[in-house]
file protein_17.cif (mmCIF, C-alpha atoms and all ligand atoms)
data_upload
loop_
_atom_site.label_atom_id
_atom_site.label_comp_id
_atom_site.auth_asym_id
_atom_site.auth_seq_id
_atom_site.Cartn_x
_atom_site.Cartn_y
_atom_site.Cartn_z
CA ARG A 127 67.38 118.60 -4.26
CA GLY A 128 67.37 116.30 -7.31
CA ALA A 129 70.70 114.78 -6.23
CA LYS A 130 72.31 112.36 -8.67
CA LYS A 131 75.60 110.53 -8.44
CA TYR A 132 76.54 108.36 -11.41
CA PHE A 133 79.85 106.52 -11.51
CA PRO A 134 81.16 105.68 -14.99
CA VAL A 135 82.18 102.06 -15.57
CA HIS A 136 85.06 101.39 -17.98
CA GLY A 137 85.86 98.14 -19.72
CA GLY A 138 87.69 96.43 -22.60
CA TRP A 139 91.35 97.00 -23.48
CA LEU A 140 90.63 100.59 -24.59
CA ARG A 141 89.08 101.29 -21.15
CA LYS A 142 86.07 102.81 -22.87
CA LYS A 143 83.06 103.83 -20.86
CA VAL A 144 80.74 100.83 -21.03
CA GLY A 145 78.08 101.94 -18.63
CA GLU A 146 77.39 103.69 -15.37
CA VAL A 147 76.30 102.89 -11.86
CA ARG A 148 73.49 105.11 -10.70
CA ALA A 149 74.41 105.11 -7.01
CA VAL A 150 72.09 108.01 -6.18
CA ASP A 151 69.30 108.80 -8.60
CA ASP A 152 67.22 111.95 -8.27
CA ILE A 153 67.00 112.11 -4.48
CA THR A 154 65.14 114.95 -2.76
CA PHE A 155 64.47 115.03 0.97
CA ASP A 156 64.72 117.37 3.96
CA ILE A 157 66.19 116.82 7.39
CA LYS A 158 64.60 119.15 9.93
CA LYS A 159 66.59 120.97 12.58
CA GLY A 160 66.89 118.92 15.76
CA GLU A 161 65.46 115.70 14.33
CA THR A 162 66.97 112.32 13.60
CA PHE A 163 66.37 111.25 10.04
CA GLY A 164 66.94 107.53 9.49
CA LEU A 165 67.98 106.28 6.07
CA VAL A 166 67.45 102.55 5.54
CA GLY A 167 67.85 100.04 2.76
CA GLU A 168 69.77 96.92 1.80
CA SER A 169 73.49 97.25 1.10
CA GLY A 170 74.01 98.70 -2.37
CA SER A 171 70.93 100.92 -2.09
CA GLY A 172 73.00 104.13 -2.11
CA LYS A 173 72.53 105.22 1.48
CA SER A 174 76.27 105.56 2.25
CA SER A 175 76.77 107.52 -0.98
CA ILE A 176 74.28 110.08 0.33
CA ALA A 177 76.32 110.67 3.49
CA ARG A 178 79.49 111.03 1.41
CA LEU A 179 77.78 113.49 -0.94
CA ILE A 180 76.53 115.61 1.96
CA LEU A 181 80.01 115.75 3.45
CA ARG A 182 81.51 116.39 0.00
CA ALA A 183 83.69 113.28 -0.07
CA TYR A 184 82.30 112.99 -3.62
CA ASP A 185 80.98 115.64 -5.96
CA LEU A 186 77.42 115.39 -7.22
CA THR A 187 76.73 114.53 -10.86
CA GLU A 188 73.65 116.77 -10.72
CA GLY A 189 71.49 118.54 -8.14
CA GLU A 190 71.99 120.64 -5.01
CA ILE A 191 72.61 120.04 -1.32
CA LEU A 192 71.27 122.91 0.74
CA PHE A 193 72.57 123.43 4.27
CA ARG A 194 71.19 125.91 6.78
CA ARG A 195 74.15 127.32 8.69
CA SER A 196 73.98 128.13 12.39
CA ASN A 197 73.85 131.83 11.41
CA GLY A 198 70.62 131.09 9.49
CA SER A 199 71.97 131.51 5.95
CA ILE A 200 71.33 128.72 3.45
CA VAL A 201 74.17 127.57 1.21
CA ASP A 202 74.36 125.08 -1.65
CA ILE A 203 77.42 123.17 -0.53
CA THR A 204 77.96 121.69 -3.99
CA SER A 205 78.90 125.15 -5.27
CA LEU A 206 81.47 126.00 -2.59
CA GLY A 207 85.21 126.27 -3.04
CA ASP A 208 87.66 124.53 -0.70
CA ARG A 209 88.08 127.46 1.69
CA GLU A 210 84.31 127.98 2.15
CA MET A 211 83.76 124.25 2.45
CA ARG A 212 86.37 124.10 5.23
CA GLU A 213 84.33 126.64 7.20
CA ILE A 214 81.08 124.70 6.68
CA ARG A 215 82.79 121.44 7.69
CA ARG A 216 83.02 122.76 11.23
CA GLU A 217 79.23 122.59 11.35
CA MET A 218 78.81 119.14 9.78
CA GLN A 219 80.63 116.07 11.02
CA MET A 220 80.60 112.34 10.48
CA ILE A 221 80.73 109.43 12.92
CA PHE A 222 82.34 106.41 11.37
CA GLN A 223 81.28 102.81 11.14
CA ASP A 224 84.43 101.14 12.35
CA PRO A 225 85.89 102.53 15.57
CA TYR A 226 88.92 100.25 15.09
CA SER A 227 90.16 101.66 11.81
CA SER A 228 89.01 105.27 11.98
CA LEU A 229 91.37 106.33 14.79
CA ASN A 230 95.10 106.63 14.06
CA PRO A 231 96.75 104.10 16.47
CA ARG A 232 99.87 106.27 16.85
CA MET A 233 98.05 109.32 18.17
CA THR A 234 97.14 109.93 21.81
CA ILE A 235 93.54 110.67 22.75
CA LEU A 236 94.53 114.30 23.34
CA ASP A 237 95.87 114.57 19.78
CA LEU A 238 92.98 112.63 18.23
CA VAL A 239 90.18 114.58 19.87
CA GLY A 240 92.08 117.89 19.70
CA GLU A 241 93.14 117.52 16.05
CA PRO A 242 90.10 119.27 14.52
CA LEU A 243 90.75 122.24 16.84
CA THR A 244 94.42 122.34 15.85
CA ILE A 245 93.56 122.10 12.13
CA HIS A 246 91.09 124.96 12.40
CA GLY A 247 93.44 126.98 14.62
CA VAL A 248 90.98 127.13 17.51
CA GLY A 249 92.64 127.87 20.87
CA SER A 250 96.09 127.67 22.44
CA PRO A 251 97.58 124.29 23.41
CA SER A 252 96.32 124.64 26.99
CA GLU A 253 92.84 125.71 25.84
CA ILE A 254 92.75 122.69 23.55
CA GLU A 255 93.70 120.45 26.48
CA ASP A 256 90.83 121.87 28.54
CA ARG A 257 88.40 121.46 25.67
CA VAL A 258 89.48 117.82 25.11
CA ALA A 259 88.94 117.06 28.82
CA GLU A 260 85.47 118.64 28.58
CA LEU A 261 84.66 116.61 25.44
CA LEU A 262 85.76 113.35 27.09
CA ARG A 263 83.48 114.07 30.06
CA LEU A 264 80.64 114.84 27.64
CA VAL A 265 80.91 111.36 26.09
CA GLY A 266 81.28 109.62 29.46
CA LEU A 267 85.05 109.00 29.41
CA ARG A 268 87.50 110.03 32.13
CA PRO A 269 89.59 113.09 31.23
CA GLU A 270 92.68 111.36 32.72
CA TYR A 271 92.71 109.14 29.62
CA VAL A 272 94.14 111.88 27.38
CA SER A 273 97.69 110.50 27.19
CA ARG A 274 96.60 106.96 26.24
CA TYR A 275 96.48 105.44 22.77
CA PRO A 276 93.39 103.97 21.04
CA HIS A 277 94.45 100.33 21.61
CA ALA A 278 93.94 100.80 25.37
CA PHE A 279 90.19 101.17 24.83
CA SER A 280 87.29 98.85 24.03
CA GLY A 281 85.33 99.15 20.77
CA GLY A 282 82.53 101.06 22.49
CA GLN A 283 84.98 103.45 24.14
CA ARG A 284 86.81 104.00 20.86
CA GLN A 285 83.56 105.00 19.29
CA ARG A 286 83.01 107.50 22.12
CA ILE A 287 86.45 108.93 21.32
CA GLY A 288 85.30 109.26 17.69
CA ILE A 289 82.13 111.02 18.88
CA ALA A 290 84.17 113.41 21.09
CA ARG A 291 86.35 114.21 18.07
CA ALA A 292 83.28 114.85 15.92
CA LEU A 293 81.90 117.24 18.56
CA ALA A 294 85.15 119.21 19.00
CA LEU A 295 84.15 122.08 16.71
CA ASN A 296 80.53 122.35 17.95
CA PRO A 297 78.81 121.01 14.83
CA SER A 298 75.04 121.33 14.35
CA PHE A 299 74.71 118.32 12.01
CA ILE A 300 76.12 114.82 12.35
CA ALA A 301 75.91 111.98 9.84
CA ALA A 302 76.40 108.48 11.27
CA ASP A 303 76.88 105.66 8.75
CA GLU A 304 76.27 102.24 10.34
CA ALA A 305 77.79 103.91 13.39
CA VAL A 306 77.14 101.19 15.93
CA SER A 307 76.79 98.17 13.63
CA ALA A 308 80.21 96.76 14.56
CA LEU A 309 79.47 96.80 18.30
CA ASP A 310 77.83 94.24 20.60
CA VAL A 311 74.14 94.84 21.14
CA SER A 312 74.43 96.16 24.71
CA VAL A 313 77.39 98.44 23.89
CA ALA A 314 75.58 99.66 20.76
CA ALA A 315 72.52 100.47 22.89
CA GLN A 316 74.65 102.50 25.36
CA ASN A 317 76.22 104.50 22.56
CA ILE A 318 72.83 105.11 20.94
CA ASN A 319 71.56 106.43 24.26
CA LEU A 320 74.64 108.65 24.50
CA LEU A 321 73.93 110.02 21.00
CA GLN A 322 70.33 110.74 22.02
CA ASP A 323 71.44 112.54 25.22
CA LEU A 324 73.96 114.60 23.25
CA GLN A 325 71.27 115.51 20.74
CA GLU A 326 69.05 116.87 23.48
CA GLN A 327 71.87 118.64 25.30
CA LEU A 328 73.50 120.22 22.24
CA GLY A 329 70.52 120.57 19.87
CA LEU A 330 72.12 118.33 17.24
CA THR A 331 70.53 117.18 13.99
CA TYR A 332 71.29 113.61 12.90
CA LEU A 333 71.30 111.65 9.69
CA PHE A 334 71.38 108.05 10.86
CA ILE A 335 72.19 105.49 8.18
CA THR A 336 71.67 101.81 8.89
CA HIS A 337 70.35 98.54 7.53
CA ASP A 338 68.96 97.76 11.01
CA LEU A 339 65.26 98.58 11.17
CA GLY A 340 64.96 97.92 14.91
CA MET A 341 67.64 100.54 15.51
CA VAL A 342 66.08 103.02 13.13
CA GLU A 343 62.66 102.61 14.77
CA HIS A 344 64.21 103.36 18.16
CA ILE A 345 66.21 106.43 17.19
CA SER A 346 64.52 108.15 14.21
CA ASP A 347 61.78 110.74 14.06
CA ARG A 348 61.38 110.20 10.33
CA ILE A 349 62.64 107.58 7.92
CA GLY A 350 63.59 107.39 4.27
CA VAL A 351 63.65 103.99 2.57
CA MET A 352 66.11 103.58 -0.31
CA TYR A 353 66.21 101.02 -3.08
CA LEU A 354 68.70 101.00 -5.98
CA GLY A 355 69.66 104.63 -5.53
CA ARG A 356 66.12 105.93 -5.19
CA LEU A 357 63.97 106.98 -2.27
CA MET A 358 60.91 104.74 -2.20
CA GLU A 359 59.14 106.15 0.83
CA VAL A 360 59.59 108.97 3.36
CA GLY A 361 57.50 109.52 6.46
CA PRO A 362 57.23 109.70 10.25
CA THR A 363 58.65 106.56 11.91
CA GLU A 364 55.56 105.42 13.80
CA GLU A 365 53.21 105.73 10.85
CA MET A 366 55.62 104.00 8.53
CA PHE A 367 56.06 101.05 10.87
CA SER A 368 52.33 100.65 11.51
CA LYS A 369 51.13 101.40 7.97
CA PRO A 370 53.78 101.26 5.25
CA LEU A 371 52.73 102.67 1.88
CA HIS A 372 55.40 101.04 -0.29
CA PRO A 373 55.61 97.28 -0.94
CA TYR A 374 59.38 97.42 -0.38
CA THR A 375 58.90 98.97 3.07
CA GLU A 376 56.36 96.25 3.85
CA ALA A 377 58.85 93.56 2.84
CA LEU A 378 61.65 95.12 4.94
CA LEU A 379 59.36 95.27 7.98
CA ALA A 380 58.33 91.65 7.49
CA ALA A 381 61.99 90.68 7.79
CA VAL A 382 62.47 92.37 11.22
CA PRO A 383 62.73 89.76 13.98
CA GLN A 384 59.81 89.81 16.40
CA PRO A 385 60.83 91.31 19.74
CA ASP A 386 58.13 89.43 21.66
CA PRO A 387 57.03 86.10 20.18
CA ARG A 388 53.99 85.89 22.48
CA GLY A 389 52.92 89.49 21.88
CA ASN A 390 50.18 90.57 19.52
CA ARG A 391 52.51 91.70 16.81
CA GLU A 392 50.99 89.78 13.94
CA ARG A 393 51.84 90.32 10.35
CA LYS A 394 51.48 88.46 7.17
CA ARG A 395 54.85 87.36 5.86
CA VAL A 396 55.92 89.11 2.69
CA ALA A 397 58.88 87.28 1.29
CA LEU A 398 61.31 89.30 -0.78
CA LYS A 399 61.79 87.43 -4.03
CA GLY A 400 65.24 87.36 -5.57
CA GLU A 401 68.25 89.59 -5.10
CA ILE A 402 68.66 93.33 -5.28
CA ALA A 403 69.29 94.07 -8.99
CA ASP A 404 72.69 94.84 -10.50
CA ALA A 405 73.23 98.59 -10.15
CA MET A 406 74.45 98.75 -13.76
CA ASN A 407 71.26 97.14 -15.07
CA ILE A 408 68.48 98.79 -13.15
CA PRO A 409 65.10 97.30 -14.13
CA THR A 410 62.78 99.31 -16.37
CA GLY A 411 59.75 101.03 -14.90
CA CYS A 412 59.55 100.67 -11.13
CA PRO A 413 63.03 99.42 -10.11
CA PHE A 414 61.39 97.17 -7.49
CA HIS A 415 59.05 95.42 -9.96
CA PRO A 416 61.01 92.13 -10.37
CA ARG A 417 60.66 91.54 -6.60
CA CYS A 418 57.25 93.12 -5.97
CA PRO A 419 54.28 90.82 -5.30
CA TYR A 420 51.89 93.50 -6.60
CA ALA A 421 53.67 94.34 -9.86
CA ASP A 422 51.72 94.51 -13.16
CA ALA A 423 52.40 95.65 -16.74
CA LYS A 424 52.29 99.35 -15.83
CA CYS A 425 54.98 98.78 -13.17
CA LYS A 426 57.30 97.22 -15.79
CA ALA A 427 56.81 100.13 -18.18
CA GLU A 428 56.47 103.33 -16.16
CA VAL A 429 58.80 104.77 -13.52
CA PRO A 430 56.63 105.91 -10.59
CA ALA A 431 57.38 109.42 -9.28
CA LEU A 432 57.98 110.17 -5.60
CA ARG A 433 54.57 111.66 -4.72
CA SER A 434 53.39 113.48 -1.61
CA VAL A 435 50.44 111.84 0.13
CA ALA A 436 48.49 112.65 3.30
CA GLY A 437 50.24 112.81 6.69
CA GLY A 438 53.49 114.41 5.51
CA ARG A 439 54.41 111.24 3.68
CA GLN A 440 55.94 110.57 0.30
CA VAL A 441 55.87 107.38 -1.74
CA ARG A 442 57.15 106.13 -5.07
CA CYS A 443 54.59 103.51 -6.15
CA HIS A 444 51.78 103.62 -8.74
CA TYR A 445 49.37 101.85 -6.41
CA ALA A 446 50.23 103.19 -2.94
CA GLU A 447 46.63 104.26 -2.22
CA SER A 448 44.92 101.06 -3.30
CA LEU A 449 47.26 98.46 -1.73
CA ASP A 450 46.38 97.41 1.80
CA LEU A 451 49.84 96.79 3.22
CA THR A 452 50.73 95.38 6.62
CA GLY A 453 53.19 96.94 9.03
CA VAL A 454 54.25 96.15 12.56
CA ALA A 455 50.96 96.33 14.51
CA ALA A 456 51.09 98.28 17.78
CA GLN A 457 51.43 95.98 20.80
FE1 LIG B 501 55.24 97.27 -6.81
FE2 LIG B 501 54.30 98.49 -8.97
FE3 LIG B 501 54.34 99.80 -6.67
FE4 LIG B 501 56.63 99.27 -7.94
S1 LIG B 501 54.97 100.60 -8.65
S2 LIG B 501 56.25 99.00 -5.80
S3 LIG B 501 56.19 97.26 -8.81
S4 LIG B 501 53.13 97.98 -7.15
MG MG B 502 76.95 101.37 3.35
#
call {"tool": "encode", "arguments": {"input": "protein_17.cif", "output": "structure tokens"}}
result
Amino acid sequence: RGAKKYFPVHGGWLRKKVGEVRAVDDITFDIKKGETFGLVGESGSGKSSIARLILRAYDLTEGEILFRRSNGSIVDITSLGDREMREIRREMQMIFQDPYSSLNPRMTILDLVGEPLTIHGVGSPSEIEDRVAELLRLVGLRPEYVSRYPHAFSGGQRQRIGIARALALNPSFIAADEAVSALDVSVAAQNINLLQDLQEQLGLTYLFITHDLGMVEHISDRIGVMYLGRLMEVGPTEEMFSKPLHPYTEALLAAVPQPDPRGNRERKRVALKGEIADAMNIPTGCPFHPRCPYADAKCKAEVPALRSVAGGRQVRCHYAESLDLTGVAAQ
């Protein structure tokens, strides 16, 4: 709710504060129980910062992050002390981008997957061994692998080990930041399918962060589009792909490669002008205005609010209702 994360920037020989980077600027959105919420945007849009804020790797500058625990109580995790946060961490886990660097190469699979259980003092050594075997089966790996080290596995398998580790404490919420981006397409697809099976089996809720719109279309129930630290549009995946309401969403969709060149997926091409702005010098008014083909004087002067519109959708554009934007037409 109203989440802000500003990083101060220091400069000069006195190391005075010379500015700030508004990595996350007044973000409000909900992730519903059991859904996959996809967060998309170019690099530098603030999407990774959101995952880190939710998992308390950083503290918020302002705002709240409300989490509904499995016992039904709602807590603002930004107000918790270390001990309480440790308890909540059991219920929220992260899957990392790079399966090569996120697993300690000197630990066996038993130690890696069992570590969260050991840290939280859950079970005797033999119970932990049984649980690790069960977790490996759950992610499609053979339980006999427990005594091996990460280097003995492929990238896709290492990611499954990371997923098993994330599941060890029975979390209800998992954030995945560019989780499969480092993998080959076919391996990525297998691991995405695994994540979807696990979601169904275990009733998990996902926050799926990626720059890959094809991936997000496949996996997400709803999507949030970020630009320069702000949410530009939120809505159900299908509606957003067929009828975007924000010019930035339209431009992102226009850049998605066509899956079937002979199909009927026809769109006008909306070229994105220029580069994403410098996060220290965010444009006045609508932050997208220097790149927006529909921008006018009002866009340069006034910041549009994130407004609710019909169909459970939200959009941050002065002209969302009057623009006739093109999405990816249904085949
Ligand atoms: Fe474009 Fe103006 Fe809408 Fe911003 S507010 S997206 S500049 S039309
Ligand atoms: Mg990132």
call {"tool": "residues_near_ligand", "arguments": {"input": "protein_17.cif", "ligand": "ligand MG 502 (chain B)", "cutoff": "10 Å", "atoms": "all atoms listed in the file", "output": "ChimeraX atom specification"}}
result
/A:166-177,223,303-304,335-337
call {"tool": "residues_around", "arguments": {"input": "protein_17.cif", "residues": "Thr234 (chain A)", "least_positions_apart": "6", "cutoff": "8 Å", "atoms": "all atoms listed in the file", "output": "list of chain:residue names"}}
result
A:Val272, A:Ser273, A:Arg274, A:Tyr275, A:Pro276
call {"tool": "atom_distance", "arguments": {"input": "protein_17.cif", "atom1": "CA of His444 (chain A)", "atom2": "CA of Pro430 (chain A)"}}
result
5.7 Å
call {"tool": "residues_near_ligand", "arguments": {"input": "protein_17.cif", "ligand": "ligand LIG 501 (chain B)", "cutoff": "6 Å", "atoms": "all atoms listed in the file", "output": "MDAnalysis selection string"}}
result
chainID A and resid 372:373 412 414:415 418 420:421 425 430 443:445
call {"tool": "axis_aligned_box", "arguments": {"input": "protein_17.cif", "around": "region 189-194 of chain A", "padding_each_side": "4 Å", "output": "AutoDock Vina command-line options"}}
result
--center_x 71.9 --center_y 122.2 --center_z -0.7 --size_x 9.4 --size_y 15.4 --size_z 22.9
call {"tool": "atom_distance", "arguments": {"input": "protein_17.cif", "atom1": "CA of Lys159 (chain A)", "atom2": "CA of Ile221 (chain A)"}}
result
18.3 Å
call {"tool": "atom_distance", "arguments": {"input": "protein_17.cif", "atom1": "CA of Tyr374 (chain A)", "atom2": "CA of Arg356 (chain A)"}}
result
11.9 Å
